[in-house]
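Data block below; observations after.
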Amino acid sequence: MRALALVALALLLGQTAARAEVPGVCGVASNLVDSDFGLALTAKAIAKKTLTIVVIGAGSSTLPGADAKAYPARLQAALTTQLPGVEVKVHADVKPGRTASESIKPIISELAALHPALIVWQAGTVDAMRSVDLDEFSAALDKGIDAAHAAGSDVVLINAQYSPRTESIIALGTYADNMRWVALRHDIPLFDRYSIMKLWGELGTFDFTTATKKLDMAEHVHDCIGQLLAELVVSAAKSFMAPPPGVR
Amino acid sequence: MPPVKTERDLRLDLFRGIALWLIFLDHIPSNAVSWITIRNYGFSDATEIFVFISGYTAAFVYGRAMQANGLVVAGARILKRAWQIYIAHIFLFAIYLAEIGYVSQTFDNPLYSEEMGILNFMQHPDITIMQAMLLKFKPVNMDVLPLYIVLLLGFTPALWLLLRAPTIALASSALLYVLMWQFDWSVPAYPDGTWAFNPFAWQLLFVFGAWCALGGAKRLSYWINSPVVLAAAIAYLLFAFFIAMTWYIPKLGIYVPHVVSDTIYPIDKANLDVLRIAHFLSLAVVTVRLVPRDWQALKSPIFRPAIICGQHSLEVFCLGVFLSFAGHFVFTEISDRLPVQIAVSFAGIAIMVGAAMLVSWYRRIERGGSGPRPPAQMPGLVGGDA
């Protein structure tokens with residue numbers, strides 16, 4: 001419903017800004033991909049023609065047995081197309097069942113090993129499932145973001161998936177709210193995967209309630225997420241392309 | 001000891017009934033109709049209303065019992081109530097287990113490999129059921145009842161003190177709240193984390209409600225009627241409204257200065273953030289202005305459905321939790337198109353009202369069977385619960 005309200009409000013405010021359109025079915029959620037906060041260091045890396053991104057996440061950043069089709073790989077493919085001449089590398093450090101506080105160690109070691117321009121951090125689902133203390137959850141996010149910023153990397157947060165079948169069992173709400181607040185406080189973009197998928201569900205783009213063992217729908221969803229995420233990264237970096245330098 | 005007022009304030013039933021409806025709407029996941037609920041427009045939500053009014057009515061009902069029949073009898077009645085709520089909680093937990101069992105049997109999708117891990121706890125039903133009976137396992141959306149149970153368990157001494165030294169009682173409650181923040185007191189939950197509503201925090205609103213019922217509201221009337229307070233309340237509500245809008249329209253976020261966002265976030269629901277209390281109090285100040293106690297319309301049939309729900313809050317709350325499961329089931333199994341969402345929301349409220357009327361009728365015939373009670377003794381209790 002938030003997605004719906006967002007769309008309605010966006011229309012009301014006439015802020016359906018024109019964007020680089022993501023083609024195909026996933027494009028319907030383009031206006032939920034917001035980038036008020038820029039990605040200065042990513043812009044710098046794009047200008048230098050090598051962009052290294054590390055995705056830190058848990059189970060919903062993978063596809064069982066098909067990681068080449070999961071959104072981190074799709075992000076790399078989409079960015080390579082959108083940024084011709086730039087060498088894009090997306091490295092995924094993902095592990096099912098990982099909480100936000102368990103992600104800090106891998107973030108620090110990936111920062112040291114790869115010096116990425118951007119950390120894409122997917123969080124929220126496992127913390128909600130294990131009902132981790134909310135203070136602990138947002139403190140962990142703060143810590144990870146501060147570590148990335150100190151090491152010279154931008155951060156984009158990704159919230160939980162929209163999962164209608166488990167909605168009455170996993171309370172994502174407060175964790176999603178906290179992620180939103182953390183992103184606002186740090187002036188970093190939040191990729192609102194939850195609202196985007198919700199909108200797809202409402203519009204019938206995907207049917208998330210189908211029981212299946214097949215991967216095709218999951219692959220399609222991850223492909224769309226990868227494309228929209230690429231759109232967010234590029235548009236957030238673009239605000240720094242003609243740079244007022246050293247901003248954040 | 002000040003005498004406890006004898007006439008039930010219908011506004012309490014009205015707003016508790018409305019709060020129960022809002023809680024129901026909020027509890028159906030992904031319900032489009034829930035955009036009307038107050039949590040989307042500020043810091044506090046229907047839980048604050050529910051807890052405050054529950055404290056108010058508990059003091060109203062048991063305060064009189066304590067004055068008439070003494071500490072032991074009133075305490076015993078409070079414990080009986082807590083026991084009823086405990087049974088209701090276990091009943092809801094059984095429904096919750098059935099829901100989880102159903103999802104784990106029927107749903108599988110590689111997109112949700114992570115989320116399905118939540119069903120692993122079904123491998124240890126013995127532990128989970130034990131923990132639920134100890135109120136440590138917290139099923140989604142069922143956090144209010146355990147809070148209510150604990151609040152009632154501690155209510156006998158609180159009420160005793162409230163009747164003798166209301167100011168000291170309220171100050172002690174506030175002190176407990178402050179100590180909770182200072183020392184991070186909370187109630188552990190299973191398998192991780194803490195209770196979704198920290199009783200050390202939420203007791204403040206419950207006791208404040210009770211304090212208001214026992215003459216506090218009268219003492220506050222100077223402040224409530226002050227135009228300065230009203231203006232401050234309205235200003236605060238507008239501020240909260242604007243902040244809430246930035247959650248849904250991130251573009252507005254740039255107008256929030258960093259000093260402000262650093263100060264207000266996170267807005268802690270579990271520990272009843274001060275911002276939430278202030279928001280609830282502001283709402284209360286404005287509401288009391290708009291809806292005077294003797295407002296004739298309160299007796300009109302339009303408000304009857306909400307009032308009757310508010311008078312049978314336990315039954316209606318439990319039914320609401322069940323109906324929110326059922327509503328979610330309809331969304332995932334049949335359709336979640338907007339018209340269905342609206343129909344489910346209204347049907348749920350209609351069922352809640354119907355059930356409340358049924359309970360009311362039962363009370364009447366049961367009372368009739370055991371001989372009529374002298375109305376002078378318990379006029380406010382007719383059809384009403386704590």
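Letters for chains follow the order of the structure tokens (A, B, ...), residue numbers begin at 1 for each chain, and ligand numbers begin at 1 in the order shown.
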
Contact residues (chain A, partner chain B, 7 Å, only C-alpha atoms) as an MDAnalysis selection string
chainID A and resid 1 6 36 59:60 63:64 96 129:133 164:165 167:171 178 181 185 209 211:213 215 218

Picked from range 17-161 of chain B by DSSP as alpha helix (DSSP H), as a VMD selection string
chain B and resid 17 to 27 46 to 106 113 to 116 125 to 133 144 to 153 155 to 161

Deliver the residues from the most recent selection as a file, using C-alpha atoms, as a compact mmCIF listing (two decimals), in the first residue's frame.
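So result29.txt came out as:
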# COMPACT_ATOMS: atom_id res chain seq x y z
CA GLY B 17 -13.59 1.02 19.57
CA ILE B 18 -12.06 3.11 16.80
CA ALA B 19 -8.57 2.14 17.99
CA LEU B 20 -9.57 -1.54 17.75
CA TRP B 21 -10.73 -1.00 14.17
CA LEU B 22 -7.49 0.75 13.29
CA ILE B 23 -5.42 -2.01 14.89
CA PHE B 24 -7.36 -4.54 12.82
CA LEU B 25 -6.77 -2.57 9.61
CA ASP B 26 -3.06 -2.17 10.39
CA HIS B 27 -2.73 -5.87 11.15
CA ALA B 46 -3.72 3.10 17.77
CA THR B 47 -1.71 1.17 20.38
CA GLU B 48 -1.22 4.31 22.47
CA ILE B 49 -4.95 5.03 22.40
CA PHE B 50 -5.73 1.44 23.35
CA VAL B 51 -3.27 1.29 26.25
CA PHE B 52 -4.23 4.70 27.64
CA ILE B 53 -7.95 3.99 27.54
CA SER B 54 -7.41 0.51 28.96
CA GLY B 55 -5.62 2.08 31.91
CA TYR B 56 -8.40 4.61 32.29
CA THR B 57 -11.19 2.05 32.27
CA ALA B 58 -9.25 -0.38 34.48
CA ALA B 59 -8.95 2.32 37.13
CA PHE B 60 -12.57 3.24 36.63
CA VAL B 61 -13.86 -0.31 37.11
CA TYR B 62 -11.38 -1.72 39.63
CA GLY B 63 -10.97 1.54 41.49
CA ARG B 64 -14.58 1.36 42.46
CA ALA B 65 -14.25 -2.30 43.34
CA MET B 66 -11.27 -1.51 45.54
CA GLN B 67 -13.15 1.22 47.35
CA ALA B 68 -16.26 -0.88 47.82
CA ASN B 69 -14.78 -4.29 48.51
CA GLY B 70 -11.18 -3.75 49.44
CA LEU B 71 -7.78 -4.57 48.12
CA VAL B 72 -8.08 -8.36 48.08
CA VAL B 73 -11.34 -8.54 46.17
CA ALA B 74 -10.27 -5.94 43.62
CA GLY B 75 -6.88 -7.62 43.25
CA ALA B 76 -8.56 -10.97 42.70
CA ARG B 77 -10.77 -9.51 40.00
CA ILE B 78 -7.80 -7.93 38.28
CA LEU B 79 -5.99 -11.28 38.30
CA LYS B 80 -9.06 -13.00 36.90
CA ARG B 81 -9.05 -10.50 34.06
CA ALA B 82 -5.35 -11.11 33.42
CA TRP B 83 -6.07 -14.86 33.29
CA GLN B 84 -8.84 -14.32 30.72
CA ILE B 85 -6.46 -12.35 28.56
CA TYR B 86 -3.83 -15.04 28.90
CA ILE B 87 -6.31 -17.67 27.69
CA ALA B 88 -7.23 -15.40 24.78
CA HIS B 89 -3.56 -15.08 23.90
CA ILE B 90 -3.04 -18.84 23.84
CA PHE B 91 -6.15 -19.22 21.69
CA LEU B 92 -4.76 -16.75 19.18
CA PHE B 93 -1.42 -18.52 19.25
CA ALA B 94 -3.15 -21.76 18.23
CA ILE B 95 -4.62 -19.99 15.21
CA TYR B 96 -1.22 -18.55 14.39
CA LEU B 97 0.34 -22.03 14.49
CA ALA B 98 -2.32 -23.29 12.12
CA GLU B 99 -1.53 -20.44 9.73
CA ILE B 100 2.19 -21.17 9.78
CA GLY B 101 1.57 -24.87 9.33
CA TYR B 102 -0.58 -24.11 6.32
CA VAL B 103 1.98 -21.82 4.69
CA SER B 104 4.79 -24.30 5.24
CA GLN B 105 2.73 -27.09 3.67
CA THR B 106 1.54 -25.19 0.64
CA SER B 113 14.34 -19.32 0.11
CA GLU B 114 15.45 -17.00 2.91
CA GLU B 115 11.98 -16.10 4.14
CA MET B 116 10.88 -19.74 4.24
CA PRO B 125 7.12 -27.20 18.21
CA ASP B 126 7.69 -28.33 21.80
CA ILE B 127 10.03 -25.45 22.55
CA THR B 128 8.00 -22.91 20.60
CA ILE B 129 4.74 -23.80 22.32
CA MET B 130 6.41 -23.76 25.73
CA GLN B 131 7.93 -20.36 25.00
CA ALA B 132 4.59 -19.04 23.78
CA MET B 133 2.94 -20.15 27.01
CA VAL B 144 -0.53 -6.23 22.75
CA LEU B 145 -2.08 -9.02 24.83
CA PRO B 146 1.13 -10.06 26.65
CA LEU B 147 1.69 -6.39 27.43
CA TYR B 148 -1.85 -6.08 28.74
CA ILE B 149 -1.38 -9.19 30.93
CA VAL B 150 1.79 -7.85 32.52
CA LEU B 151 0.25 -4.41 33.02
CA LEU B 152 -2.71 -5.94 34.82
CA LEU B 153 -0.45 -8.14 36.96
CA PHE B 155 -1.95 -3.01 38.48
CA THR B 156 -3.18 -3.95 41.96
CA PRO B 157 -0.38 -2.19 43.88
CA ALA B 158 -0.40 0.66 41.36
CA LEU B 159 -4.11 1.18 41.85
CA TRP B 160 -3.76 1.00 45.60
CA LEU B 161 -1.22 3.80 45.48

Near Lys105 in chain A, within 12 Å and counting only C-alpha atoms, which residues show up once chain neighbours fewer than 4 positions away are dropped, as a list in words?
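The residues that qualify are Ile56, Asp93, Arg98, Thr99, Ala100, Ser101, Ser109, Glu110, Leu111, Ala112, Ala140, Lys143, Gly144, Ala147 and Ala148 of chain A.
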
Expressed in Å, the length from CA of Leu275 in chain B to CA of Cys309 in chain B is 28.5 Å

Considering only C-alpha atoms, state which residue in the set B:Cys318, B:Val274, B:Ile308, B:Met142 is at the smallest distance from Trp361 in chain B.
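That would be B:Ile308, the residue with the smallest distance to Trp361 in chain B.
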
Can you list, as a list in words, every protein, DNA or RNA residue that comes within 7 Å of range 114-126 of chain A when you count only C-alpha atoms, leaving out same-chain residues fewer than 5 positions away?
Leu41, Thr42, Ala45, Leu51, Thr52, Ile53, Val54, Val55, Ile56, Gly57, Gly97, Arg98, Thr99, Ala100, Ser153, Asp154, Val155, Val156, Leu157, Ile158, Asn159, Ala160, Leu172, Tyr175 and Ala176 of chain A

Between CA of Lys136 in chain B and CA of Val187 in chain B, what is the distance, to one decimal in Å?
8.4 Å

Might you pull out every residue within 10 Å of Phe206 in chain A, with only C-alpha atoms counted and same-chain residues fewer than 6 positions away left off, and present them as a PDB file with C-alpha atoms, in the first residue's frame?
ATOM      1  CA  VAL A  25       7.818  -4.989 -17.396  1.00  0.00           C
ATOM      2  CA  CYS A  26      10.067  -3.907 -14.555  1.00  0.00           C
ATOM      3  CA  MET A 197       8.051  -5.527  -5.543  1.00  0.00           C
ATOM      4  CA  LYS A 198       4.809  -4.612  -3.842  1.00  0.00           C
ATOM      5  CA  LEU A 199       3.883  -2.435  -6.782  1.00  0.00           C
ATOM      6  CA  TRP A 200       4.679  -5.279  -9.174  1.00  0.00           C
ATOM      7  CA  MET A 217      10.002 -16.006 -12.097  1.00  0.00           C
ATOM      8  CA  ALA A 218      12.714 -15.546  -9.470  1.00  0.00           C
ATOM      9  CA  HIS A 220      13.077 -12.424 -13.905  1.00  0.00           C
ATOM     10  CA  VAL A 221      12.555 -10.571 -10.625  1.00  0.00           C
TER      11      VAL A 221
END

When you look at Arg11 in chain B with a cut-off of 12 Å (counting only C-alpha atoms), what residues show up, excluding the ones that are within fewer than 4 positions of it in the same chain? I need them as a PyMOL selection string.
chain B and resi 7+15-19+49+53+56-57+284+287-299+303-304+306-308+310-311

Could those residues be written to a file, using N, CA and C atoms, as a CSV table (one decimal), in the first residue's frame?
chain,number,residue,atom,x,y,z
B,7,GLU,N,-20.2,7.7,36.4
B,7,GLU,CA,-20.8,7.6,35.0
B,7,GLU,C,-19.7,7.4,34.0
B,15,PHE,N,-13.5,5.9,21.4
B,15,PHE,CA,-12.1,5.9,20.8
B,15,PHE,C,-11.4,4.6,21.0
B,16,ARG,N,-11.8,3.8,22.0
B,16,ARG,CA,-11.2,2.5,22.1
B,16,ARG,C,-11.7,1.6,21.0
B,17,GLY,N,-13.0,1.8,20.7
B,17,GLY,CA,-13.6,1.0,19.6
B,17,GLY,C,-12.9,1.4,18.3
B,18,ILE,N,-12.7,2.7,18.0
B,18,ILE,CA,-12.1,3.1,16.8
B,18,ILE,C,-10.6,2.6,16.8
B,19,ALA,N,-9.9,2.6,17.9
B,19,ALA,CA,-8.6,2.1,18.0
B,19,ALA,C,-8.5,0.7,17.6
B,49,ILE,N,-3.6,4.8,22.0
B,49,ILE,CA,-4.9,5.0,22.4
B,49,ILE,C,-5.5,3.9,23.2
B,53,ILE,N,-6.6,4.2,27.2
B,53,ILE,CA,-8.0,4.0,27.5
B,53,ILE,C,-8.1,2.7,28.4
B,56,TYR,N,-7.3,3.8,31.8
B,56,TYR,CA,-8.4,4.6,32.3
B,56,TYR,C,-9.6,3.8,32.8
B,57,THR,N,-10.0,2.8,31.9
B,57,THR,CA,-11.2,2.0,32.3
B,57,THR,C,-10.9,1.1,33.4
B,284,ALA,N,-4.7,13.8,22.0
B,284,ALA,CA,-5.7,13.8,23.1
B,284,ALA,C,-6.2,15.2,23.4
B,287,THR,N,-8.5,16.2,20.6
B,287,THR,CA,-9.7,15.4,20.6
B,287,THR,C,-10.6,15.9,21.7
B,288,VAL,N,-10.1,16.1,22.9
B,288,VAL,CA,-10.9,16.5,24.0
B,288,VAL,C,-11.6,17.8,23.7
B,289,ARG,N,-10.9,18.7,22.9
B,289,ARG,CA,-11.5,19.9,22.5
B,289,ARG,C,-12.7,19.7,21.5
B,290,LEU,N,-12.4,18.8,20.6
B,290,LEU,CA,-13.4,18.7,19.5
B,290,LEU,C,-14.6,17.9,20.0
B,291,VAL,N,-14.4,16.9,20.9
B,291,VAL,CA,-15.5,16.0,21.3
B,291,VAL,C,-15.7,16.2,22.8
B,292,PRO,N,-16.6,17.1,23.2
B,292,PRO,CA,-16.8,17.3,24.7
B,292,PRO,C,-17.5,16.1,25.2
B,293,ARG,N,-17.3,15.9,26.5
B,293,ARG,CA,-17.9,14.7,27.2
B,293,ARG,C,-19.4,14.6,27.1
B,294,ASP,N,-20.1,15.7,27.1
B,294,ASP,CA,-21.5,15.7,27.1
B,294,ASP,C,-22.1,15.9,25.6
B,295,TRP,N,-21.3,15.7,24.7
B,295,TRP,CA,-21.7,15.8,23.3
B,295,TRP,C,-22.8,14.9,23.0
B,296,GLN,N,-24.0,15.4,22.6
B,296,GLN,CA,-25.2,14.6,22.4
B,296,GLN,C,-25.0,13.5,21.3
B,297,ALA,N,-24.2,13.9,20.3
B,297,ALA,CA,-24.0,12.9,19.2
B,297,ALA,C,-23.4,11.6,19.7
B,298,LEU,N,-22.8,11.6,20.9
B,298,LEU,CA,-22.2,10.4,21.4
B,298,LEU,C,-23.3,9.3,21.6
B,299,LYS,N,-24.5,9.8,21.8
B,299,LYS,CA,-25.6,8.8,22.0
B,299,LYS,C,-26.3,8.4,20.7
B,303,PHE,N,-22.5,6.4,16.2
B,303,PHE,CA,-21.3,6.1,16.9
B,303,PHE,C,-21.5,4.8,17.7
B,304,ARG,N,-22.7,4.2,17.7
B,304,ARG,CA,-23.0,3.0,18.4
B,304,ARG,C,-22.1,1.9,18.1
B,306,ALA,N,-19.0,1.7,17.0
B,306,ALA,CA,-17.6,1.9,17.6
B,306,ALA,C,-17.7,1.8,19.1
B,307,ILE,N,-18.7,2.4,19.7
B,307,ILE,CA,-18.8,2.4,21.2
B,307,ILE,C,-19.0,1.0,21.7
B,308,ILE,N,-19.8,0.2,21.0
B,308,ILE,CA,-20.1,-1.2,21.5
B,308,ILE,C,-18.8,-2.0,21.4
B,310,GLY,N,-15.8,-0.8,21.6
B,310,GLY,CA,-14.9,-0.4,22.7
B,310,GLY,C,-15.3,-0.9,24.1
B,311,GLN,N,-16.6,-1.2,24.2
B,311,GLN,CA,-17.1,-1.8,25.5
B,311,GLN,C,-16.7,-3.2,25.7

Surrounding residues of Ile277 in chain B excluding itself and chain neighbours under 3 positions, 10 Å, only C-alpha atoms, as a ChimeraX atom specification
/B:43-44,48,202,204-205,272-274,280-283

Can you list, as a list in words, all residues belonging to range 121-188 of chain A that DSSP tags as strand (DSSP E or B)?
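DSSP on the backbone gives strand (DSSP E or B) at Trp121, Gln122, Asp154, Val155, Val156, Leu157 and Ile158 of chain A.
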
Could those selected residues go to a file with C-alpha atoms, as a compact mmCIF listing (two decimals), in the first residue's frame?
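Saved the output as part-v3.txt:
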# COMPACT_ATOMS: atom_id res chain seq x y z
CA TRP A 121 24.02 -3.39 1.45
CA GLN A 122 20.93 -5.54 1.54
CA ASP A 154 29.56 5.18 -1.00
CA VAL A 155 26.70 3.12 0.41
CA VAL A 156 23.29 2.20 -0.97
CA LEU A 157 20.90 0.31 1.31
CA ILE A 158 18.44 -2.29 0.01
